[in-house]
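Student: One structure is given below, represented as structure tokens, and several questions about it will come after.
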Amino acid sequence: MKAKTFDRKFDEASNITDSLDLAKAKRPLQEQRRVNVDFPTWMIERLDKEARRVGVTRQSIIKIWLSERLEQAAYNKSFNTDASDAGAG
């Protein structure tokens, strides 16, 4: 299939998955690396309780919370940079 046809089908919200080789698909910036972190017992118990409440694994709740915190930090950094630039004028 030519790129022009593929783009048109995509824009029309047609199913294009049969045209893709998903075995070779990669998610940018999603490569996994293993890290080891030691947590106190009380923290693991709370993580497990929250993970059960949400219906995910302990590892997932840690990833979710870290991701949220990193996004928040990036937003705050961007906001503070923009605010200081606006005041410089």
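Every chain in the structure tokens has a letter given in the order shown (A, B, ...), and although residue numbers restart at 1 in each chain, ligands are simply numbered from 1 in the order shown.
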Name all residues at most 12 Å from Leu20 (chain A) (count only C-alpha atoms; drop same-chain ones fewer than 4 positions away) and give them as a ChimeraX atom specification.

Tutor: /A:1,3,6,10,15-16,24-25

Student: Can those selected residues be exported to a file as a PDB file, in the first residue's frame so that it contains N, CA, C and O atoms?

Tutor:
ATOM      1  N   MET A   1       0.853  -1.174   0.000  1.00  0.00           N
ATOM      2  CA  MET A   1       0.000   0.000   0.000  1.00  0.00           C
ATOM      3  C   MET A   1       0.898   1.235   0.000  1.00  0.00           C
ATOM      4  O   MET A   1       1.879   1.309   0.724  1.00  0.00           O
ATOM      5  N   ALA A   3       1.957   5.138   0.694  1.00  0.00           N
ATOM      6  CA  ALA A   3       1.824   6.009   1.864  1.00  0.00           C
ATOM      7  C   ALA A   3       0.597   6.909   1.759  1.00  0.00           C
ATOM      8  O   ALA A   3      -0.111   7.130   2.748  1.00  0.00           O
ATOM      9  N   PHE A   6      -2.399   4.834   2.619  1.00  0.00           N
ATOM     10  CA  PHE A   6      -2.352   4.562   4.052  1.00  0.00           C
ATOM     11  C   PHE A   6      -2.805   5.781   4.845  1.00  0.00           C
ATOM     12  O   PHE A   6      -3.639   5.677   5.751  1.00  0.00           O
ATOM     13  N   PHE A  10      -6.070   6.134   7.257  1.00  0.00           N
ATOM     14  CA  PHE A  10      -5.899   6.542   8.653  1.00  0.00           C
ATOM     15  C   PHE A  10      -6.770   7.756   8.965  1.00  0.00           C
ATOM     16  O   PHE A  10      -7.462   7.790   9.975  1.00  0.00           O
ATOM     17  N   ASN A  15      -9.702   0.840   9.572  1.00  0.00           N
ATOM     18  CA  ASN A  15      -8.822  -0.086  10.263  1.00  0.00           C
ATOM     19  C   ASN A  15      -7.591  -0.329   9.396  1.00  0.00           C
ATOM     20  O   ASN A  15      -7.677  -0.892   8.313  1.00  0.00           O
ATOM     21  N   ILE A  16      -6.436   0.099   9.894  1.00  0.00           N
ATOM     22  CA  ILE A  16      -5.187  -0.026   9.141  1.00  0.00           C
ATOM     23  C   ILE A  16      -4.247  -1.057   9.751  1.00  0.00           C
ATOM     24  O   ILE A  16      -3.152  -1.259   9.246  1.00  0.00           O
ATOM     25  N   LYS A  24       7.379  -5.619  14.616  1.00  0.00           N
ATOM     26  CA  LYS A  24       8.540  -4.715  14.599  1.00  0.00           C
ATOM     27  C   LYS A  24       8.237  -3.359  15.246  1.00  0.00           C
ATOM     28  O   LYS A  24       9.088  -2.491  15.292  1.00  0.00           O
ATOM     29  N   ALA A  25       7.027  -3.201  15.747  1.00  0.00           N
ATOM     30  CA  ALA A  25       6.628  -1.919  16.327  1.00  0.00           C
ATOM     31  C   ALA A  25       7.378  -1.664  17.633  1.00  0.00           C
ATOM     32  O   ALA A  25       7.607  -2.572  18.426  1.00  0.00           O
TER      33      ALA A  25
END

Student: Which residues come within 12 Å of region 40-51 of chain A, counting only C-alpha atoms, excluding same-chain residues fewer than 2 positions away, as a list in words?

Tutor: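 So the residues in contact are Val37, Asp38, Arg53, Val54, Gly55, Val56, Thr57, Arg58, Gln59, Ser60, Ile61, Ile62, Lys63, Ile64 and Trp65 of chain A.
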
Student: Mind checking DSSP for chain A and telling me the alpha helix (DSSP H) residues as a PyMOL selection string?

Tutor: chain A and resi 3-11+41-54+58-87
